[in-house]
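J.: Take this structure, written in structure tokens, and hold onto it; I'll ask about it next.
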Amino acid sequence: MNSKIIRYLSRLQLISKRRLNAASVVPKSTIVNTPSHDRQIVTSPNTIGVTWDEKLTSIYHNVWLRDHCQCEECLHPLTKQRLVHPSNIPQDIKSTAIEQSEQGLTIHWNHPTHTSFYEWSWLHRHSYNPRLQTTLLPQKELWNYDIQHNLPTVEYEAVMNSDDGVAEWTSKIYRYGFCFVDGVPVSSEETEKLLSRIAFIRTTHFGGFWNFTSNLAKADLAYTTAAIEAHTDTSYFTDPVGLQMLHLLKFDGEGGKTLLIDGFRAAQILREEDPAAYKILSTVRVPSHTVGDEDTFIQPTTPNPVLSHNISTGQLEQIRWNNGHRSVTDQWDNPDNVTRYYDAMRKWNEILTRKDSELWIQLQPGRPLIFDNWRTLHGRSAFSGCRQMCGGYINRDDYMSRLRLTNLGREEILKRLF
């Protein structure tokens with residue numbers, strides 16, 4: 001066996017023996033309060049409560065606390081993987097003693113004999129009854145066409161030369177749902193390098209990083225000169241792409257303006273003006289597909305609603321709206337929702353096409369656009385002439401990873417996981 005592993009296991013055994021001896025001398029059901037940090041601790045047979053400075057009390061189940069012990073016997077210090085299976089924790093596990101200190105709470109458990117320590121900051125951060133902690137990510141800012149006077153923008157050199165530049169870039173994408181990059185070389189190769197500063201580029205049936213024009217190389221309206229109404233891309237994937245970049249390399253013609261719409265703002269308006277329509281678009285699952293090319297037939301594992309919400313917070317999380325890729329909707333839990341669904345789509349479209357919802361921009365060489373495909377709808381006006389574009393996709397999870405790491409740092413992120 002590897003010598004490092006042997007030393008590590010020996011150290012765990014020593015720690016376990018010391019804790020076993022320490023726990024055996026602690027009187028049962030005692031609570032020791034340290035005067036410098038005297039919090040009110042309330043216990044019941046199955047829970048422990050901590051009262052905070054804001055006069056709120058968080059209630060934690062004993063089994064939950066034991067499952068989330070942070071010691072090296074329970075959580076691997078390097079890999080951050082759990083070492084104790086929850087099935088080995090008795091449902092009726094109880095504390096034999098609880099001790100306070102300025103740093104946190106020490107709990108001695110009765111079965112198996114074990115001692116756990118929880119920092120006050122950790123307990124506050126992971127309070128679930130009630131939820132106390134808020135996200136450290138930037139606040140999303142909803143916008144209308146007035147944002148044209150102050151478009152979110154970063155500099156190419158800043159993004160390419162430092163992670164601080166990437167932090168500013170990903171932060172603005174998260175806050176506004178889109179961002180421009182100024183000073184980019186008018187080159188497909190350099191644009192690909194730029195996009196890769198966030199994460200690896202996602203390959204789809206369109207390819208990896210793509211160059212395209214109106215030559216119908218793919219059976220999609222993007223490869224034509226036709227107008228394209230506001231939509232989100234890849235609504236037909238089980239996991240739609242997170243970010244999309246578009247860079248106009250060359251344009252010799254007229255028209256071809258890019259349309260951007262803040263889908264979260266449109267959803268907020270829908271919820272305020274027609275709550276019933278909002279509920280329909282949040283619950284009716286819409287089948288979708290892409291089958292234009294002979295070697296492509298893509299459908300999501302299960303149909304999804306237009307508006308999807310985070311199951312933990314209830315907040316709007318994703319918009320899937322692409323009228324062109326809607327399939328036949330022939331499965332209804334309630335047939336009465338058929339007419340309600342069409343009414344809701346009319347209302348949704350009416351909000352999207354309001355003049356103050358639409359931001360129309362003529363893309364320029366050297367200034368690529370990147371946007372959040374889960375929030376920002378995009379489209380295009382018809383055009384004539386030659387219009388050469390390049391671009392690519394980034395997965396949502398990879399984008400969020402880069403956003404968190406560059407803006408919060410690994411240490412802060414790990415505090416919120418463990």
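Ligands are numbered from 1 in the order shown, chains are lettered A, B, ... in the order of the structure tokens, and residues start at 1 in each chain.
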Just want the 12 Å neighbourhood of Leu195 of chain A, counted on only C-alpha atoms, with same-chain residues fewer than 4 positions away dropped. Output as a PyMOL selection string.
T.: chain A and resi 156+159-160+166+169-170+180-181+184+188-191+199-202+208-210+243-247+368-371+390-395+399
J.: Give me every strand (DSSP E) residue in segment 61-190 of chain A, going by DSSP on the backbone, as a list in words.
T.: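 Assigned to strand (DSSP E), within segment 61-190 of chain A: His61, Ser95, Thr96, Ala97, Ile98, Glu99, Gln100, Gly104, Leu105, Thr106, Ile107, His108, Trp109, Asn110, Thr113, His114, Thr115, Ser116, Phe117, Tyr118, Glu119, Thr153, Val154, Glu155, Phe178, Cys179, Phe180, Val181 and Asp182 of chain A.
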J.: Report, in Å with one decimal, the straight-line distance from atom CA of Leu132 of chain A to atom CA of Thr57 of chain A.
T.: 10.1 Å
J.: Which residues, written as a ChimeraX atom specification, have at least one atom at most 12 Å from His325 of chain A, with only C-alpha atoms counted and residues fewer than 6 positions away on the same chain left out?
T.: /A:220-221,231-237,286-292,297-300
J.: Go through A:Thr43, A:Ser381, A:Thr96, A:Asn150 one by one, measure the shortest atom-to-atom distance of each to His61 of chain A using only C-alpha atoms, and give the residue with the smallest value.
T.: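 Closest candidate: A:Thr43.
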J.: From the list A:Lys94, A:Leu316, A:Thr79, A:Pro130, which residue is nearest Ser58 of chain A when using only C-alpha atoms?
T.: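 Closest to Ser58 of chain A, using only C-alpha atoms: A:Pro130.
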J.: When you draw a straight line from atom CA of Val63 of chain A to atom CA of Asp92 of chain A, how long is it in Å?
T.: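 Atom CA of Asp92 of chain A lies 7.3 Å from atom CA of Val63 of chain A.
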J.: Hey, which of A:Ser308, A:Asn211, A:Asn144, A:Gln91 ends up closest to Ile351 of chain A? Count only C-alpha atoms.
T.: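 Comparing A:Ser308, A:Asn211, A:Asn144, A:Gln91 against Ile351 of chain A, the winner is A:Asn144.
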J.: So which bits of segment 113-349 of chain A end up helix (DSSP H, G or I) when you DSSP the backbone, as a VMD selection string?
T.: chain A and resid 120 to 125 145 to 149 156 to 161 163 to 176 188 to 195 221 to 223 263 to 273 275 to 283 323 to 325 337 to 349
J.: Calculate how many Å separate atom CA of Ile280 of chain A from atom CA of Glu141 of chain A, rounding to one decimal.
T.: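 Between these atoms lies a distance of 25.1 Å.
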J.: Restricting the calculation to only C-alpha atoms: of A:Ala266, A:Cys179, A:Leu260, A:Leu137, which residue gets closest to Leu151 of chain A?
T.: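 For Leu151 of chain A, the nearest of the candidates is A:Cys179.
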J.: Would you mind listing what lies within 9 Å of segment 354-366 of chain A as a PyMOL selection string, with only C-alpha atoms counted and same-chain residues fewer than 5 positions away left out?
T.: chain A and resi 143-148+181-187+246-251+255-262+265-266+349+380
J.: Quick one: write out the picked residues with C-alpha atoms as a PDB file, in the first residue's frame?
T.:
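File selection08.pdb, as written:
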ATOM      1  CA  TRP A 143     -33.343  46.289 -19.140  1.00  0.00           C
ATOM      2  CA  ASN A 144     -35.266  47.648 -22.120  1.00  0.00           C
ATOM      3  CA  TYR A 145     -34.172  49.386 -25.305  1.00  0.00           C
ATOM      4  CA  ASP A 146     -32.778  52.328 -23.286  1.00  0.00           C
ATOM      5  CA  ILE A 147     -29.723  50.214 -22.501  1.00  0.00           C
ATOM      6  CA  GLN A 148     -28.496  51.153 -25.999  1.00  0.00           C
ATOM      7  CA  VAL A 181     -16.005  42.913 -26.389  1.00  0.00           C
ATOM      8  CA  ASP A 182     -14.156  45.839 -27.980  1.00  0.00           C
ATOM      9  CA  GLY A 183     -10.869  45.688 -29.865  1.00  0.00           C
ATOM     10  CA  VAL A 184     -11.003  42.063 -31.013  1.00  0.00           C
ATOM     11  CA  PRO A 185      -8.943  41.137 -34.105  1.00  0.00           C
ATOM     12  CA  VAL A 186     -11.248  40.489 -37.045  1.00  0.00           C
ATOM     13  CA  SER A 187     -10.307  36.856 -37.254  1.00  0.00           C
ATOM     14  CA  LEU A 246     -21.512  36.032 -32.554  1.00  0.00           C
ATOM     15  CA  HIS A 247     -18.808  37.992 -34.377  1.00  0.00           C
ATOM     16  CA  LEU A 248     -19.506  39.764 -37.660  1.00  0.00           C
ATOM     17  CA  LEU A 249     -16.350  39.348 -39.745  1.00  0.00           C
ATOM     18  CA  LYS A 250     -17.534  40.849 -43.010  1.00  0.00           C
ATOM     19  CA  PHE A 251     -20.713  42.437 -44.319  1.00  0.00           C
ATOM     20  CA  GLY A 255     -30.130  45.066 -43.259  1.00  0.00           C
ATOM     21  CA  GLY A 256     -29.088  42.231 -40.982  1.00  0.00           C
ATOM     22  CA  LYS A 257     -29.494  44.045 -37.678  1.00  0.00           C
ATOM     23  CA  THR A 258     -29.324  41.917 -34.531  1.00  0.00           C
ATOM     24  CA  LEU A 259     -32.252  41.883 -32.116  1.00  0.00           C
ATOM     25  CA  LEU A 260     -31.831  41.369 -28.364  1.00  0.00           C
ATOM     26  CA  ILE A 261     -34.634  41.094 -25.786  1.00  0.00           C
ATOM     27  CA  ASP A 262     -34.339  40.674 -22.038  1.00  0.00           C
ATOM     28  CA  ARG A 265     -37.918  41.372 -18.046  1.00  0.00           C
ATOM     29  CA  ALA A 266     -40.558  40.146 -20.506  1.00  0.00           C
ATOM     30  CA  ASN A 349     -45.423  37.480 -28.151  1.00  0.00           C
ATOM     31  CA  ARG A 380     -32.166  39.202 -36.906  1.00  0.00           C
TER      32      ARG A 380
END
J.: Quick one: everything within 6 Å of Arg285 of chain A, counting only C-alpha atoms, minus sequence neighbours fewer than 6 positions away in the same chain. Send it as a ChimeraX atom specification.
T.: /A:303-305
J.: Would you put the residues from that selection into a file with N, CA, C and O atoms, as a PDB file, in the first residue's frame?
T.:
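File produced: result_0.pdb:
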ATOM      1  N   PRO A 303     -40.212  16.998 -22.897  1.00  0.00           N
ATOM      2  CA  PRO A 303     -40.578  18.375 -23.245  1.00  0.00           C
ATOM      3  C   PRO A 303     -40.486  19.293 -22.028  1.00  0.00           C
ATOM      4  O   PRO A 303     -40.617  18.848 -20.884  1.00  0.00           O
ATOM      5  N   ASN A 304     -40.247  20.568 -22.278  1.00  0.00           N
ATOM      6  CA  ASN A 304     -40.072  21.534 -21.203  1.00  0.00           C
ATOM      7  C   ASN A 304     -40.958  22.753 -21.418  1.00  0.00           C
ATOM      8  O   ASN A 304     -41.279  23.112 -22.556  1.00  0.00           O
ATOM      9  N   PRO A 305     -41.341  23.428 -20.333  1.00  0.00           N
ATOM     10  CA  PRO A 305     -42.138  24.655 -20.485  1.00  0.00           C
ATOM     11  C   PRO A 305     -41.291  25.803 -21.011  1.00  0.00           C
ATOM     12  O   PRO A 305     -40.056  25.749 -20.997  1.00  0.00           O
TER      13      PRO A 305
END
J.: Taking into account only C-alpha atoms, which residue in the set A:Ala97, A:Ala226, A:Val306, A:Leu281 is nearest to Tyr341 of chain A?
T.: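 Result for the nearest residue to Tyr341 of chain A: A:Leu281.
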J.: For Arg387 of chain A, which of A:Ala222, A:Ala276, A:Leu352, A:Leu417 is the closest residue, counting only C-alpha atoms?
T.: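 Of A:Ala222, A:Ala276, A:Leu352, A:Leu417, the one nearest Arg387 of chain A, counting only C-alpha atoms, is A:Ala222.
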J.: Taking 4 positions as the minimum chain separation for residues in the same chain, which residues sit within 12 Å of Arg66 of chain A when counting only C-alpha atoms? Answer as number ranges by chain.
T.: A: 46-48, 60-62, 70-71, 73-75, 82, 84-95, 106-118
J.: Could you please take those selected residues and save N, CA, C and O atoms as a CSV table (one decimal), in the first residue's frame?
T.:
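Once written, again_35.csv looks like this:
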chain,number,residue,atom,x,y,z
A,46,ASN,N,-34.6,15.5,18.4
A,46,ASN,CA,-34.1,15.3,17.1
A,46,ASN,C,-33.5,16.5,16.4
A,46,ASN,O,-33.1,16.5,15.3
A,47,THR,N,-33.5,17.7,17.1
A,47,THR,CA,-33.0,18.9,16.5
A,47,THR,C,-32.2,19.7,17.4
A,47,THR,O,-32.2,19.6,18.7
A,48,ILE,N,-31.4,20.7,16.9
A,48,ILE,CA,-30.6,21.7,17.6
A,48,ILE,C,-30.9,23.0,17.0
A,48,ILE,O,-30.8,23.2,15.7
A,60,TYR,N,-31.7,22.8,13.0
A,60,TYR,CA,-31.0,21.8,12.3
A,60,TYR,C,-31.4,20.4,12.8
A,60,TYR,O,-31.4,20.2,14.1
A,61,HIS,N,-31.6,19.5,12.0
A,61,HIS,CA,-31.9,18.1,12.4
A,61,HIS,C,-30.6,17.5,12.8
A,61,HIS,O,-29.6,17.6,12.1
A,62,ASN,N,-30.6,16.7,13.8
A,62,ASN,CA,-29.4,16.0,14.3
A,62,ASN,C,-28.8,15.1,13.1
A,62,ASN,O,-27.6,15.1,12.9
A,70,GLN,N,-17.6,18.0,9.2
A,70,GLN,CA,-16.5,18.5,8.3
A,70,GLN,C,-15.1,17.9,8.6
A,70,GLN,O,-14.1,18.2,8.0
A,71,CYS,N,-15.1,17.0,9.6
A,71,CYS,CA,-13.8,16.4,10.0
A,71,CYS,C,-13.2,15.5,8.9
A,71,CYS,O,-13.9,15.1,8.0
A,73,GLU,N,-12.4,12.5,9.0
A,73,GLU,CA,-12.9,11.1,9.0
A,73,GLU,C,-14.2,11.1,8.2
A,73,GLU,O,-14.6,10.0,7.7
A,74,CYS,N,-14.8,12.2,8.0
A,74,CYS,CA,-16.1,12.3,7.3
A,74,CYS,C,-16.1,12.9,6.0
A,74,CYS,O,-16.9,12.7,5.1
A,75,LEU,N,-15.1,13.8,5.7
A,75,LEU,CA,-15.0,14.5,4.5
A,75,LEU,C,-13.5,14.5,4.1
A,75,LEU,O,-12.6,15.1,4.8
A,82,ARG,N,-17.4,12.8,0.4
A,82,ARG,CA,-17.9,12.3,1.6
A,82,ARG,C,-17.3,10.9,1.9
A,82,ARG,O,-17.2,10.1,1.0
A,84,VAL,N,-18.5,9.1,4.8
A,84,VAL,CA,-19.5,8.4,5.6
A,84,VAL,C,-20.8,8.3,4.8
A,84,VAL,O,-21.3,9.3,4.3
A,85,HIS,N,-21.4,7.1,4.8
A,85,HIS,CA,-22.7,6.9,4.0
A,85,HIS,C,-23.8,7.3,5.0
A,85,HIS,O,-23.8,6.9,6.1
A,86,PRO,N,-24.8,8.0,4.5
A,86,PRO,CA,-26.0,8.4,5.3
A,86,PRO,C,-26.7,7.2,5.9
A,86,PRO,O,-27.4,7.3,7.0
A,87,SER,N,-26.7,6.1,5.3
A,87,SER,CA,-27.4,4.9,5.8
A,87,SER,C,-26.8,4.4,7.1
A,87,SER,O,-27.4,3.6,7.9
A,88,ASN,N,-25.5,4.8,7.4
A,88,ASN,CA,-24.9,4.4,8.6
A,88,ASN,C,-25.1,5.4,9.8
A,88,ASN,O,-24.6,5.2,10.9
A,89,ILE,N,-25.9,6.4,9.5
A,89,ILE,CA,-26.2,7.4,10.6
A,89,ILE,C,-27.7,7.1,11.1
A,89,ILE,O,-28.6,7.1,10.3
A,90,PRO,N,-27.8,6.7,12.3
A,90,PRO,CA,-29.2,6.4,12.8
A,90,PRO,C,-30.1,7.6,12.7
A,90,PRO,O,-29.7,8.8,12.9
A,91,GLN,N,-31.4,7.4,12.3
A,91,GLN,CA,-32.3,8.4,12.2
A,91,GLN,C,-32.6,9.2,13.5
A,91,GLN,O,-32.9,10.4,13.5
A,92,ASP,N,-32.4,8.5,14.6
A,92,ASP,CA,-32.7,9.0,15.9
A,92,ASP,C,-31.4,9.4,16.7
A,92,ASP,O,-31.3,9.5,17.9
A,93,ILE,N,-30.3,9.7,15.9
A,93,ILE,CA,-29.1,10.1,16.5
A,93,ILE,C,-29.2,11.3,17.4
A,93,ILE,O,-30.0,12.2,17.1
A,94,LYS,N,-28.5,11.3,18.6
A,94,LYS,CA,-28.7,12.4,19.5
A,94,LYS,C,-27.3,12.9,20.0
A,94,LYS,O,-26.3,12.2,19.9
A,95,SER,N,-27.3,14.1,20.5
A,95,SER,CA,-26.1,14.7,21.1
A,95,SER,C,-26.0,14.3,22.5
A,95,SER,O,-27.1,14.3,23.2
A,106,THR,N,-19.4,22.7,19.0
A,106,THR,CA,-18.9,21.4,19.1
A,106,THR,C,-20.0,20.4,19.6
A,106,THR,O,-20.7,20.7,20.6
A,107,ILE,N,-20.3,19.4,18.9
A,107,ILE,CA,-21.4,18.4,19.2
A,107,ILE,C,-20.8,17.0,19.4
A,107,ILE,O,-20.1,16.6,18.5
A,108,HIS,N,-21.1,16.4,20.5
A,108,HIS,CA,-20.7,15.0,20.8
A,108,HIS,C,-21.9,14.2,20.5
A,108,HIS,O,-23.0,14.4,21.1
A,109,TRP,N,-21.7,13.2,19.6
A,109,TRP,CA,-22.8,12.3,19.2
A,109,TRP,C,-22.8,11.0,20.0
A,109,TRP,O,-21.7,10.5,20.3
A,110,ASN,N,-24.0,10.4,20.1
A,110,ASN,CA,-24.1,9.1,20.9
A,110,ASN,C,-23.8,7.9,20.1
A,110,ASN,O,-23.4,6.9,20.6
A,111,HIS,N,-24.0,7.9,18.7
A,111,HIS,CA,-23.9,6.7,17.9
A,111,HIS,C,-23.6,7.1,16.5
A,111,HIS,O,-24.5,7.7,15.8
A,112,PRO,N,-22.5,6.7,15.9
A,112,PRO,CA,-21.4,6.1,16.7
A,112,PRO,C,-20.7,7.2,17.5
A,112,PRO,O,-20.9,8.4,17.2
A,113,THR,N,-20.0,6.9,18.5
A,113,THR,CA,-19.4,7.9,19.3
A,113,THR,C,-18.5,8.7,18.4
A,113,THR,O,-17.5,8.3,17.8
A,114,HIS,N,-18.8,10.0,18.4
A,114,HIS,CA,-18.1,10.9,17.4
A,114,HIS,C,-18.3,12.3,17.8
A,114,HIS,O,-19.3,12.7,18.5
A,115,THR,N,-17.3,13.2,17.5
A,115,THR,CA,-17.4,14.6,17.8
A,115,THR,C,-17.3,15.4,16.5
A,115,THR,O,-16.4,15.2,15.7
A,116,SER,N,-18.2,16.4,16.4
A,116,SER,CA,-18.2,17.2,15.2
A,116,SER,C,-18.1,18.7,15.6
A,116,SER,O,-18.6,19.1,16.6
A,117,PHE,N,-17.4,19.5,14.8
A,117,PHE,CA,-17.3,20.9,15.0
A,117,PHE,C,-17.8,21.7,13.8
A,117,PHE,O,-17.5,21.3,12.7
A,118,TYR,N,-18.6,22.7,14.1
A,118,TYR,CA,-19.2,23.5,13.0
A,118,TYR,C,-19.0,25.0,13.3
A,118,TYR,O,-19.3,25.5,14.4
J.: Leaving out Asp53 of chain A and any residue of its chain fewer than 4 positions from it, which residues lie within 12 Å of it when counting only C-alpha atoms, given as a list of chain:residue names?
T.: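 Listed by chain and then number, they are A:His37, A:Asp38, A:Arg39, A:Gln40, A:Thr57, A:Ser58, A:Trp120, A:His124.
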